>>> print(open('final02.txt').read())   # compact mmCIF, N, CA, C and O atoms
# COMPACT_ATOMS: atom_id res chain seq x y z
N MET A 620 84.02 15.42 -94.76
CA MET A 620 85.40 15.87 -94.57
C MET A 620 85.98 16.24 -95.92
O MET A 620 85.81 15.53 -96.90
N ALA A 621 86.68 17.34 -95.98
CA ALA A 621 87.19 17.84 -97.25
C ALA A 621 88.57 17.28 -97.59
O ALA A 621 88.93 17.22 -98.76
N ILE A 622 89.34 16.86 -96.61
CA ILE A 622 90.66 16.28 -96.88
C ILE A 622 90.59 14.78 -96.64
O ILE A 622 90.22 14.33 -95.57
N VAL A 623 90.95 14.01 -97.66
CA VAL A 623 90.94 12.55 -97.58
C VAL A 623 92.37 12.06 -97.51
O VAL A 623 93.22 12.49 -98.30
N VAL A 624 92.66 11.20 -96.55
CA VAL A 624 94.00 10.66 -96.37
C VAL A 624 94.10 9.33 -97.12
O VAL A 624 93.25 8.45 -96.94
N ARG A 625 95.12 9.19 -97.95
CA ARG A 625 95.28 8.02 -98.82
C ARG A 625 96.47 7.15 -98.42
O ARG A 625 97.09 6.52 -99.26
N ILE A 626 96.78 7.10 -97.13
CA ILE A 626 97.91 6.29 -96.66
C ILE A 626 97.70 4.82 -97.03
O ILE A 626 98.63 4.15 -97.46
N ASP A 627 96.47 4.33 -96.87
CA ASP A 627 96.20 2.92 -97.15
C ASP A 627 96.52 2.55 -98.60
O ASP A 627 97.02 1.46 -98.87
N VAL A 628 96.25 3.46 -99.53
CA VAL A 628 96.56 3.20 -100.94
C VAL A 628 98.06 3.06 -101.14
O VAL A 628 98.53 2.13 -101.81
N GLU A 629 98.82 3.98 -100.55
CA GLU A 629 100.28 3.94 -100.71
C GLU A 629 100.89 2.73 -100.01
O GLU A 629 101.84 2.13 -100.52
N LEU A 630 100.34 2.35 -98.86
CA LEU A 630 100.82 1.15 -98.16
C LEU A 630 100.55 -0.10 -99.00
O LEU A 630 101.41 -0.97 -99.12
N ALA A 631 99.38 -0.17 -99.60
CA ALA A 631 99.03 -1.32 -100.43
C ALA A 631 99.94 -1.42 -101.65
O ALA A 631 100.38 -2.52 -102.01
N LYS A 632 100.25 -0.29 -102.26
CA LYS A 632 101.14 -0.29 -103.43
C LYS A 632 102.51 -0.87 -103.09
O LYS A 632 103.15 -1.50 -103.92
N ARG A 633 102.93 -0.64 -101.86
CA ARG A 633 104.27 -1.08 -101.43
C ARG A 633 104.23 -2.38 -100.62
O ARG A 633 105.26 -2.83 -100.13
N LYS A 634 103.03 -2.91 -100.45
CA LYS A 634 102.85 -4.13 -99.65
C LYS A 634 103.50 -3.98 -98.27
O LYS A 634 104.19 -4.87 -97.79
N MET A 635 103.26 -2.83 -97.65
CA MET A 635 103.84 -2.51 -96.34
C MET A 635 102.73 -2.55 -95.30
O MET A 635 101.64 -2.03 -95.52
N SER A 636 103.02 -3.16 -94.16
CA SER A 636 102.02 -3.23 -93.08
C SER A 636 101.98 -1.91 -92.32
O SER A 636 102.93 -1.12 -92.35
N VAL A 637 100.88 -1.70 -91.63
CA VAL A 637 100.74 -0.51 -90.79
C VAL A 637 101.81 -0.50 -89.71
O VAL A 637 102.40 0.53 -89.42
N GLY A 638 102.08 -1.67 -89.12
CA GLY A 638 103.09 -1.75 -88.07
C GLY A 638 104.48 -1.37 -88.56
O GLY A 638 105.20 -0.63 -87.90
N GLU A 639 104.84 -1.89 -89.72
CA GLU A 639 106.15 -1.57 -90.31
C GLU A 639 106.23 -0.08 -90.64
O GLU A 639 107.23 0.58 -90.36
N PHE A 640 105.17 0.45 -91.24
CA PHE A 640 105.12 1.87 -91.58
C PHE A 640 105.24 2.73 -90.33
O PHE A 640 106.02 3.68 -90.29
N ALA A 641 104.46 2.39 -89.30
CA ALA A 641 104.48 3.16 -88.06
C ALA A 641 105.87 3.19 -87.45
O ALA A 641 106.35 4.25 -87.03
N GLU A 642 106.54 2.05 -87.44
CA GLU A 642 107.88 1.97 -86.88
C GLU A 642 108.87 2.84 -87.66
O GLU A 642 109.66 3.58 -87.08
N LYS A 643 108.80 2.77 -88.99
CA LYS A 643 109.73 3.53 -89.82
C LYS A 643 109.49 5.03 -89.74
O LYS A 643 110.43 5.82 -89.82
N VAL A 644 108.23 5.43 -89.56
CA VAL A 644 107.90 6.85 -89.49
C VAL A 644 108.12 7.40 -88.08
O VAL A 644 108.42 8.58 -87.91
N GLY A 645 107.99 6.54 -87.08
CA GLY A 645 108.14 6.99 -85.70
C GLY A 645 106.80 7.33 -85.06
O GLY A 645 106.72 8.19 -84.19
N LEU A 646 105.75 6.66 -85.50
CA LEU A 646 104.41 6.83 -84.93
C LEU A 646 103.96 5.52 -84.30
O LEU A 646 104.51 4.46 -84.61
N THR A 647 102.94 5.59 -83.47
CA THR A 647 102.34 4.36 -82.97
C THR A 647 101.35 3.86 -84.02
O THR A 647 100.80 4.67 -84.79
N PRO A 648 101.11 2.56 -84.06
CA PRO A 648 100.08 2.06 -84.99
C PRO A 648 98.71 2.71 -84.75
O PRO A 648 97.96 2.94 -85.69
N ALA A 649 98.42 3.05 -83.50
CA ALA A 649 97.15 3.73 -83.20
C ALA A 649 97.08 5.10 -83.87
O ALA A 649 96.03 5.49 -84.40
N ASN A 650 98.19 5.83 -83.87
CA ASN A 650 98.20 7.15 -84.51
C ASN A 650 98.12 7.03 -86.03
O ASN A 650 97.51 7.87 -86.68
N VAL A 651 98.70 5.98 -86.59
CA VAL A 651 98.56 5.74 -88.03
C VAL A 651 97.09 5.47 -88.34
O VAL A 651 96.55 5.97 -89.34
N ALA A 652 96.42 4.71 -87.48
CA ALA A 652 95.00 4.42 -87.69
C ALA A 652 94.17 5.70 -87.65
O ALA A 652 93.24 5.87 -88.45
N VAL A 653 94.50 6.60 -86.75
CA VAL A 653 93.80 7.89 -86.66
C VAL A 653 93.96 8.66 -87.97
O VAL A 653 92.99 9.22 -88.50
N LEU A 654 95.17 8.65 -88.52
CA LEU A 654 95.40 9.31 -89.81
C LEU A 654 94.64 8.63 -90.93
O LEU A 654 93.96 9.28 -91.73
N LYS A 655 94.75 7.30 -91.00
CA LYS A 655 94.11 6.54 -92.07
C LYS A 655 92.60 6.70 -92.06
O LYS A 655 91.97 6.74 -93.12
N ASN A 656 92.00 6.77 -90.89
CA ASN A 656 90.55 6.84 -90.77
C ASN A 656 90.00 8.25 -90.88
O ASN A 656 88.80 8.45 -90.75
N GLY A 657 90.88 9.22 -91.09
CA GLY A 657 90.43 10.60 -91.26
C GLY A 657 90.00 11.29 -89.99
O GLY A 657 89.28 12.28 -90.04
N ARG A 658 90.42 10.78 -88.85
CA ARG A 658 90.03 11.38 -87.58
C ARG A 658 91.05 12.39 -87.07
O ARG A 658 90.80 13.07 -86.08
N ALA A 659 92.19 12.53 -87.75
CA ALA A 659 93.22 13.48 -87.32
C ALA A 659 92.77 14.91 -87.62
O ALA A 659 92.16 15.17 -88.66
N LYS A 660 93.03 15.80 -86.71
CA LYS A 660 92.69 17.21 -86.89
C LYS A 660 93.85 17.98 -87.52
O LYS A 660 93.64 19.05 -88.09
N ALA A 661 95.06 17.44 -87.42
CA ALA A 661 96.24 18.11 -87.95
C ALA A 661 97.34 17.09 -88.17
O ALA A 661 97.32 16.01 -87.58
N VAL A 662 98.27 17.45 -89.04
CA VAL A 662 99.46 16.62 -89.28
C VAL A 662 100.66 17.56 -89.29
O VAL A 662 100.65 18.56 -90.00
N ARG A 663 101.65 17.25 -88.48
CA ARG A 663 102.87 18.07 -88.47
C ARG A 663 103.61 17.88 -89.79
O ARG A 663 103.61 16.79 -90.36
N PHE A 664 104.23 18.95 -90.26
CA PHE A 664 105.01 18.84 -91.49
C PHE A 664 106.14 17.83 -91.33
O PHE A 664 106.47 17.11 -92.27
N SER A 665 106.71 17.74 -90.14
CA SER A 665 107.79 16.77 -89.93
C SER A 665 107.27 15.34 -90.05
O SER A 665 107.96 14.46 -90.58
N THR A 666 106.04 15.10 -89.62
CA THR A 666 105.42 13.77 -89.77
C THR A 666 105.10 13.50 -91.23
O THR A 666 105.37 12.41 -91.74
N LEU A 667 104.56 14.49 -91.92
CA LEU A 667 104.26 14.35 -93.34
C LEU A 667 105.54 14.08 -94.13
O LEU A 667 105.57 13.22 -95.02
N GLU A 668 106.60 14.78 -93.79
CA GLU A 668 107.89 14.57 -94.43
C GLU A 668 108.39 13.15 -94.20
O GLU A 668 108.85 12.48 -95.14
N ALA A 669 108.28 12.65 -92.98
CA ALA A 669 108.73 11.29 -92.67
C ALA A 669 107.89 10.26 -93.43
O ALA A 669 108.43 9.27 -93.95
N MET A 670 106.58 10.49 -93.52
CA MET A 670 105.72 9.56 -94.25
C MET A 670 106.10 9.53 -95.73
O MET A 670 106.18 8.46 -96.34
N CYS A 671 106.35 10.70 -96.30
CA CYS A 671 106.75 10.77 -97.71
C CYS A 671 108.12 10.11 -97.94
O CYS A 671 108.32 9.44 -98.95
N ARG A 672 109.01 10.29 -97.01
CA ARG A 672 110.34 9.68 -97.13
C ARG A 672 110.22 8.15 -97.11
O ARG A 672 110.80 7.46 -97.95
N VAL A 673 109.47 7.62 -96.17
CA VAL A 673 109.31 6.17 -96.03
C VAL A 673 108.60 5.58 -97.25
O VAL A 673 108.98 4.53 -97.76
N LEU A 674 107.57 6.27 -97.73
CA LEU A 674 106.78 5.75 -98.85
C LEU A 674 107.31 6.18 -100.21
O LEU A 674 106.78 5.78 -101.24
N GLU A 675 108.34 7.03 -100.18
CA GLU A 675 108.94 7.55 -101.43
C GLU A 675 107.85 8.14 -102.33
O GLU A 675 107.67 7.73 -103.48
N CYS A 676 107.10 9.10 -101.76
CA CYS A 676 106.01 9.72 -102.50
C CYS A 676 105.97 11.21 -102.19
O CYS A 676 106.77 11.72 -101.41
N GLN A 677 105.03 11.89 -102.78
CA GLN A 677 104.80 13.31 -102.56
C GLN A 677 103.61 13.50 -101.62
O GLN A 677 102.74 12.62 -101.53
N PRO A 678 103.53 14.65 -100.92
CA PRO A 678 102.39 14.89 -100.03
C PRO A 678 101.05 14.73 -100.73
O PRO A 678 100.09 14.22 -100.14
N GLY A 679 100.96 15.10 -101.98
CA GLY A 679 99.72 14.98 -102.73
C GLY A 679 99.30 13.54 -102.97
O GLY A 679 98.14 13.27 -103.28
N ASP A 680 100.24 12.61 -102.83
CA ASP A 680 99.90 11.19 -102.94
C ASP A 680 99.18 10.70 -101.69
O ASP A 680 98.47 9.70 -101.74
N LEU A 681 99.40 11.40 -100.58
CA LEU A 681 98.83 10.99 -99.30
C LEU A 681 97.58 11.77 -98.91
O LEU A 681 96.75 11.27 -98.17
N LEU A 682 97.47 12.99 -99.40
CA LEU A 682 96.35 13.86 -99.03
C LEU A 682 95.62 14.33 -100.28
O LEU A 682 96.26 14.75 -101.25
N GLU A 683 94.30 14.28 -100.24
CA GLU A 683 93.50 14.72 -101.38
C GLU A 683 92.36 15.61 -100.89
O GLU A 683 91.70 15.28 -99.90
N PHE A 684 92.13 16.72 -101.56
CA PHE A 684 91.02 17.60 -101.25
C PHE A 684 89.80 17.14 -102.04
O PHE A 684 89.86 16.97 -103.26
N VAL A 685 88.69 16.92 -101.33
CA VAL A 685 87.43 16.54 -101.95
C VAL A 685 86.39 17.57 -101.50
O VAL A 685 86.14 17.71 -100.31
N ASP A 686 85.80 18.25 -102.46
CA ASP A 686 84.81 19.27 -102.15
C ASP A 686 83.52 18.60 -101.72
O ASP A 686 82.87 17.92 -102.52
N ASP A 687 83.14 18.78 -100.47
CA ASP A 687 81.91 18.17 -99.93
C ASP A 687 80.67 18.62 -100.69
O ASP A 687 79.74 17.87 -100.87
N GLU A 688 80.66 19.86 -101.14
CA GLU A 688 79.49 20.39 -101.82
C GLU A 688 79.28 19.74 -103.18
O GLU A 688 78.16 19.56 -103.63
N GLU A 689 80.37 19.38 -103.86
CA GLU A 689 80.25 18.74 -105.16
C GLU A 689 79.73 17.32 -105.05
O GLU A 689 79.03 16.84 -105.93
N SER A 690 80.09 16.62 -103.97
CA SER A 690 79.68 15.23 -103.82
C SER A 690 78.26 15.11 -103.25
O SER A 690 77.72 14.03 -103.20
N ALA A 691 77.68 16.21 -102.80
CA ALA A 691 76.33 16.17 -102.21
C ALA A 691 75.24 16.22 -103.26
O ALA A 691 75.38 16.47 -104.36
>>> encode(input="final02.txt", output="structure tokens")
Amino acid sequence: MAIVVRIDVELAKRKMSVGEFAEKVGLTPANVAVLKNGRAKAVRFSTLEAMCRVLECQPGDLLEFVDDEESA
């Protein structure tokens, strides 16, 4: 996968649980797990905006591009 989701890193920095994060963002804990595990196919900008607002971060703090060819 070329896009790596770093929600777990930002949650750990803030000592915030997945449940608390999910409630504040307006997602189910199951959907947060889908994002965290890299199984999401898309993220709405409104969801990304809410995640950044709750975590007080930038989109680049949550999403990282990793070139699969370089790591092979």
>>> atom_distance(input="final02.txt", atom1="CA of Arg672 (chain A)", atom2="CA of Arg658 (chain A)")
22.5 Å
>>> closest_residue(input="final02.txt", among="A:Ala669, A:Lys660, A:Lys655, A:Pro678", to="Val623 (chain A)", atoms="only C-alpha atoms")
A:Lys655
>>> select_by_dssp(input="final02.txt", residues="region 624-687 of chain A", states="alpha helix (DSSP H)", output="PyMOL selection string")
chain A and resi 626-633+637-644+648-655+664-674+678-681+687
>>> closest_residue(input="final02.txt", among="A:Ala641, A:Phe684, A:Leu630, A:Cys671", to="Val653 (chain A)", atoms="only C-alpha atoms")
A:Ala641
>>> residues_around(input="final02.txt", residues="Phe640 (chain A)", least_positions_apart="2", cutoff="9 Å", atoms="only C-alpha atoms", output="ChimeraX atom specification")
/A:630,635-638,642-646,648,651,670,673-674
>>> closest_residue(input="final02.txt", among="A:Ala649, A:Cys676, A:Leu667, A:Leu654", to="Ile622 (chain A)", atoms="all atoms listed in the file")
A:Leu654
>>> closest_residue(input="final02.txt", among="A:Ala652, A:Ala659, A:Asp687, A:Phe664", to="Ile626 (chain A)", atoms="only C-alpha atoms")
A:Ala652
>>> select_by_dssp(input="final02.txt", residues="chain A", states="strand (DSSP E)", output="PyMOL selection string")
chain A and resi 622-624+682-684
>>> atom_distance(input="final02.txt", atom1="CA of Ala661 (chain A)", atom2="atom C of Asp686 (chain A)")
18.8 Å
>>> atom_distance(input="final02.txt", atom1="CA of Arg663 (chain A)", atom2="CA of Glu639 (chain A)")
20.0 Å
>>> decode(input="final02.txt", residues="chain A", atoms="C-alpha atoms", output="mmCIF file, in the first residue's frame")
data_model
loop_
_atom_site.group_PDB
_atom_site.id
_atom_site.type_symbol
_atom_site.label_atom_id
_atom_site.label_comp_id
_atom_site.auth_asym_id
_atom_site.auth_seq_id
_atom_site.Cartn_x
_atom_site.Cartn_y
_atom_site.Cartn_z
ATOM 1 C CA MET A 620 0.000 0.000 0.000
ATOM 2 C CA ALA A 621 1.388 3.394 -0.937
ATOM 3 C CA ILE A 622 -0.534 5.509 1.593
ATOM 4 C CA VAL A 623 0.128 4.785 5.274
ATOM 5 C CA VAL A 624 -2.319 6.067 7.885
ATOM 6 C CA ARG A 625 -0.663 7.350 11.077
ATOM 7 C CA ILE A 626 -3.733 7.893 13.280
ATOM 8 C CA ASP A 627 -2.322 5.576 15.948
ATOM 9 C CA VAL A 628 0.809 7.736 16.275
ATOM 10 C CA GLU A 629 -1.223 10.913 16.749
ATOM 11 C CA LEU A 630 -3.576 9.212 19.229
ATOM 12 C CA ALA A 631 -0.611 7.961 21.255
ATOM 13 C CA LYS A 632 0.949 11.448 21.343
ATOM 14 C CA ARG A 633 -2.276 12.786 22.839
ATOM 15 C CA LYS A 634 -3.003 9.752 25.022
ATOM 16 C CA MET A 635 -6.446 9.561 23.407
ATOM 17 C CA SER A 636 -8.388 6.315 23.085
ATOM 18 C CA VAL A 637 -9.906 5.128 19.834
ATOM 19 C CA GLY A 638 -13.361 5.343 21.408
ATOM 20 C CA GLU A 639 -12.882 8.950 22.507
ATOM 21 C CA PHE A 640 -11.437 9.878 19.111
ATOM 22 C CA ALA A 641 -14.273 8.153 17.246
ATOM 23 C CA GLU A 642 -16.893 9.968 19.312
ATOM 24 C CA LYS A 643 -15.282 13.386 18.816
ATOM 25 C CA VAL A 644 -14.849 12.872 15.062
ATOM 26 C CA GLY A 645 -18.291 11.341 14.537
ATOM 27 C CA LEU A 646 -17.160 7.889 13.392
ATOM 28 C CA THR A 647 -17.758 4.441 14.789
ATOM 29 C CA PRO A 648 -14.789 2.753 16.481
ATOM 30 C CA ALA A 649 -15.020 0.098 13.745
ATOM 31 C CA ASN A 650 -14.548 2.741 11.036
ATOM 32 C CA VAL A 651 -11.575 4.197 12.913
ATOM 33 C CA ALA A 652 -10.095 0.687 12.968
ATOM 34 C CA VAL A 653 -10.576 0.415 9.197
ATOM 35 C CA LEU A 654 -8.671 3.681 8.770
ATOM 36 C CA LYS A 655 -5.938 2.737 11.243
ATOM 37 C CA ASN A 656 -5.372 -0.670 9.655
ATOM 38 C CA GLY A 657 -5.065 0.751 6.148
ATOM 39 C CA ARG A 658 -8.131 -1.034 4.824
ATOM 40 C CA ALA A 659 -9.993 2.167 3.843
ATOM 41 C CA LYS A 660 -10.296 2.811 0.124
ATOM 42 C CA ALA A 661 -11.123 6.505 0.550
ATOM 43 C CA VAL A 662 -11.435 9.244 3.154
ATOM 44 C CA ARG A 663 -13.857 12.135 2.792
ATOM 45 C CA PHE A 664 -12.292 15.559 3.138
ATOM 46 C CA SER A 665 -14.895 16.384 5.777
ATOM 47 C CA THR A 666 -13.746 13.350 7.809
ATOM 48 C CA LEU A 667 -10.091 14.276 7.347
ATOM 49 C CA GLU A 668 -10.895 17.823 8.438
ATOM 50 C CA ALA A 669 -12.685 16.555 11.565
ATOM 51 C CA MET A 670 -9.766 14.251 12.418
ATOM 52 C CA CYS A 671 -7.293 17.128 12.051
ATOM 53 C CA ARG A 672 -9.475 19.405 14.161
ATOM 54 C CA VAL A 673 -9.773 16.847 16.978
ATOM 55 C CA LEU A 674 -6.072 15.956 16.915
ATOM 56 C CA GLU A 675 -4.940 19.541 16.243
ATOM 57 C CA CYS A 676 -2.701 18.401 13.399
ATOM 58 C CA GLN A 677 -2.236 18.674 9.653
ATOM 59 C CA PRO A 678 -3.368 16.067 7.076
ATOM 60 C CA GLY A 679 0.279 15.182 6.470
ATOM 61 C CA ASP A 680 0.563 14.136 10.109
ATOM 62 C CA LEU A 681 -2.101 11.487 9.490
ATOM 63 C CA LEU A 682 -1.275 10.325 5.973
ATOM 64 C CA GLU A 683 2.111 9.394 4.537
ATOM 65 C CA PHE A 684 3.058 8.297 1.023
ATOM 66 C CA VAL A 685 5.449 5.344 0.948
ATOM 67 C CA ASP A 686 6.754 4.234 -2.434
ATOM 68 C CA ASP A 687 6.261 0.454 -2.615
ATOM 69 C CA GLU A 688 8.980 0.122 -5.235
ATOM 70 C CA GLU A 689 11.608 1.746 -3.023
ATOM 71 C CA SER A 690 10.884 -0.554 -0.081
ATOM 72 C CA ALA A 691 11.047 -3.709 -2.249
#
